[in-house]
Amino acid sequence: MMQHKHTTGIVMVCVTRQRTCERLIALGKTAAEKSGLPLHVVHAVKTGENILGNVYEGEALEYLFTAAQLSGGELTVIRADNVLEALYEYALAHSAVAIVLGQSPQAAPEMGRGLMGRLQKALPDTEVIID
């Protein structure tokens, strides 16, 4: 049986915490390989806050870049006042076919549901994977 291959779009992995990045990126890599689409690792951070919550932003960026690169993915870091809106706009602009989100104790319930709800309306064929 052949895997369904999409011809356009991306698999998007939203990373927020360093300790869960690798697991989420691995899930995204698997989804990207199955669908034959590029992998985009996206970290949206509120304007004025540190990348991955790490005061050593250079190290955090290098870590993210390496993790994305090792999985064949492209890294995008977005600074925005509204992180949810920024992720939504990115998914829409790149026709995300699948989005991988982590289960963050602070943000996941409302972020996951809010992002999922909006994406399901705008991109009805987008698969949202929460781990």
# chains A, B, ... in the order shown; residues from 1 in each chain; ligands from 1
call {"tool": "select_by_dssp", "arguments": {"residues": "chain A", "states": "strand (DSSP E or B)", "output": "ChimeraX atom specification"}}
result
/A:10-14,39-46,74-80,96-101,127-130
call {"tool": "select_by_dssp", "arguments": {"residues": "chain A", "states": "alpha helix (DSSP H)", "output": "number ranges by chain"}}
result
A: 18-35, 57-70, 83-93, 108-122
call {"tool": "closest_residue", "arguments": {"among": "A:Ala67, A:Gly72, A:Glu57, A:Glu22", "to": "A:Pro38", "atoms": "only C-alpha atoms"}}
result
A:Gly72
call {"tool": "residues_around", "arguments": {"residues": "A:Tyr63", "least_positions_apart": "2", "cutoff": "12 Å", "atoms": "only C-alpha atoms", "output": "NGL selection string"}}
result
:A and (15 or 17-19 or 21-22 or 51-52 or 54 or 56-61 or 65-70 or 75)
call {"tool": "write_last_selection", "arguments": {"atoms": "C-alpha atoms", "output": "short mmCIF file (atom, residue, chain, number, x, y, z; two decimals), in the first residue's frame"}}
result
data_model
loop_
_atom_site.label_atom_id
_atom_site.label_comp_id
_atom_site.auth_asym_id
_atom_site.auth_seq_id
_atom_site.Cartn_x
_atom_site.Cartn_y
_atom_site.Cartn_z
CA VAL A 15 8.90 24.04 19.97
CA ARG A 17 10.85 24.10 25.75
CA GLN A 18 14.34 22.75 25.18
CA ARG A 19 13.77 19.45 27.00
CA CYS A 21 12.37 19.74 21.41
CA GLU A 22 14.11 16.59 20.27
CA ILE A 51 14.59 31.93 23.30
CA LEU A 52 13.56 28.58 24.85
CA ASN A 54 17.29 30.36 28.14
CA TYR A 56 22.06 32.20 26.83
CA GLU A 57 20.19 32.89 23.59
CA GLY A 58 23.18 32.08 21.39
CA GLU A 59 23.41 28.58 22.89
CA ALA A 60 19.65 28.07 22.65
CA LEU A 61 19.63 29.12 18.99
CA PHE A 65 19.44 25.01 14.67
CA THR A 66 21.41 21.79 15.18
CA ALA A 67 18.34 19.79 16.25
CA ALA A 68 16.40 21.01 13.20
CA GLN A 69 19.32 20.42 10.84
CA LEU A 70 19.95 16.87 12.11
CA LEU A 75 14.47 26.45 11.60
#
call {"tool": "atom_distance", "arguments": {"atom1": "atom CA of A:Asp125", "atom2": "atom CA of A:Ala98"}}
result
8.4 Å
call {"tool": "closest_residue", "arguments": {"among": "A:Ala86, A:Val13, A:Leu64, A:Ala91", "to": "A:Thr126", "atoms": "only C-alpha atoms"}}
result
A:Ala91
call {"tool": "atom_distance", "arguments": {"atom1": "atom CA of A:Lys29", "atom2": "atom CA of A:Ser71"}}
result
6.1 Å
call {"tool": "closest_residue", "arguments": {"among": "A:Thr76, A:Ile10, A:Ala44, A:Leu27", "to": "A:Ile129", "atoms": "only C-alpha atoms"}}
result
A:Leu27
call {"tool": "residues_around", "arguments": {"residues": "A:Glu33", "least_positions_apart": "3", "cutoff": "10 Å", "atoms": "only C-alpha atoms", "output": "PyMOL selection string"}}
result
chain A and resi 3+5+11+28-30+36-39+72
call {"tool": "atom_distance", "arguments": {"atom1": "atom CA of A:Lys34", "atom2": "atom CA of A:Val128"}}
result
15.0 Å
call {"tool": "closest_residue", "arguments": {"among": "A:Ala32, A:Glu74, A:Gln103, A:Val42", "to": "A:Glu89", "atoms": "only C-alpha atoms"}}
result
A:Val42
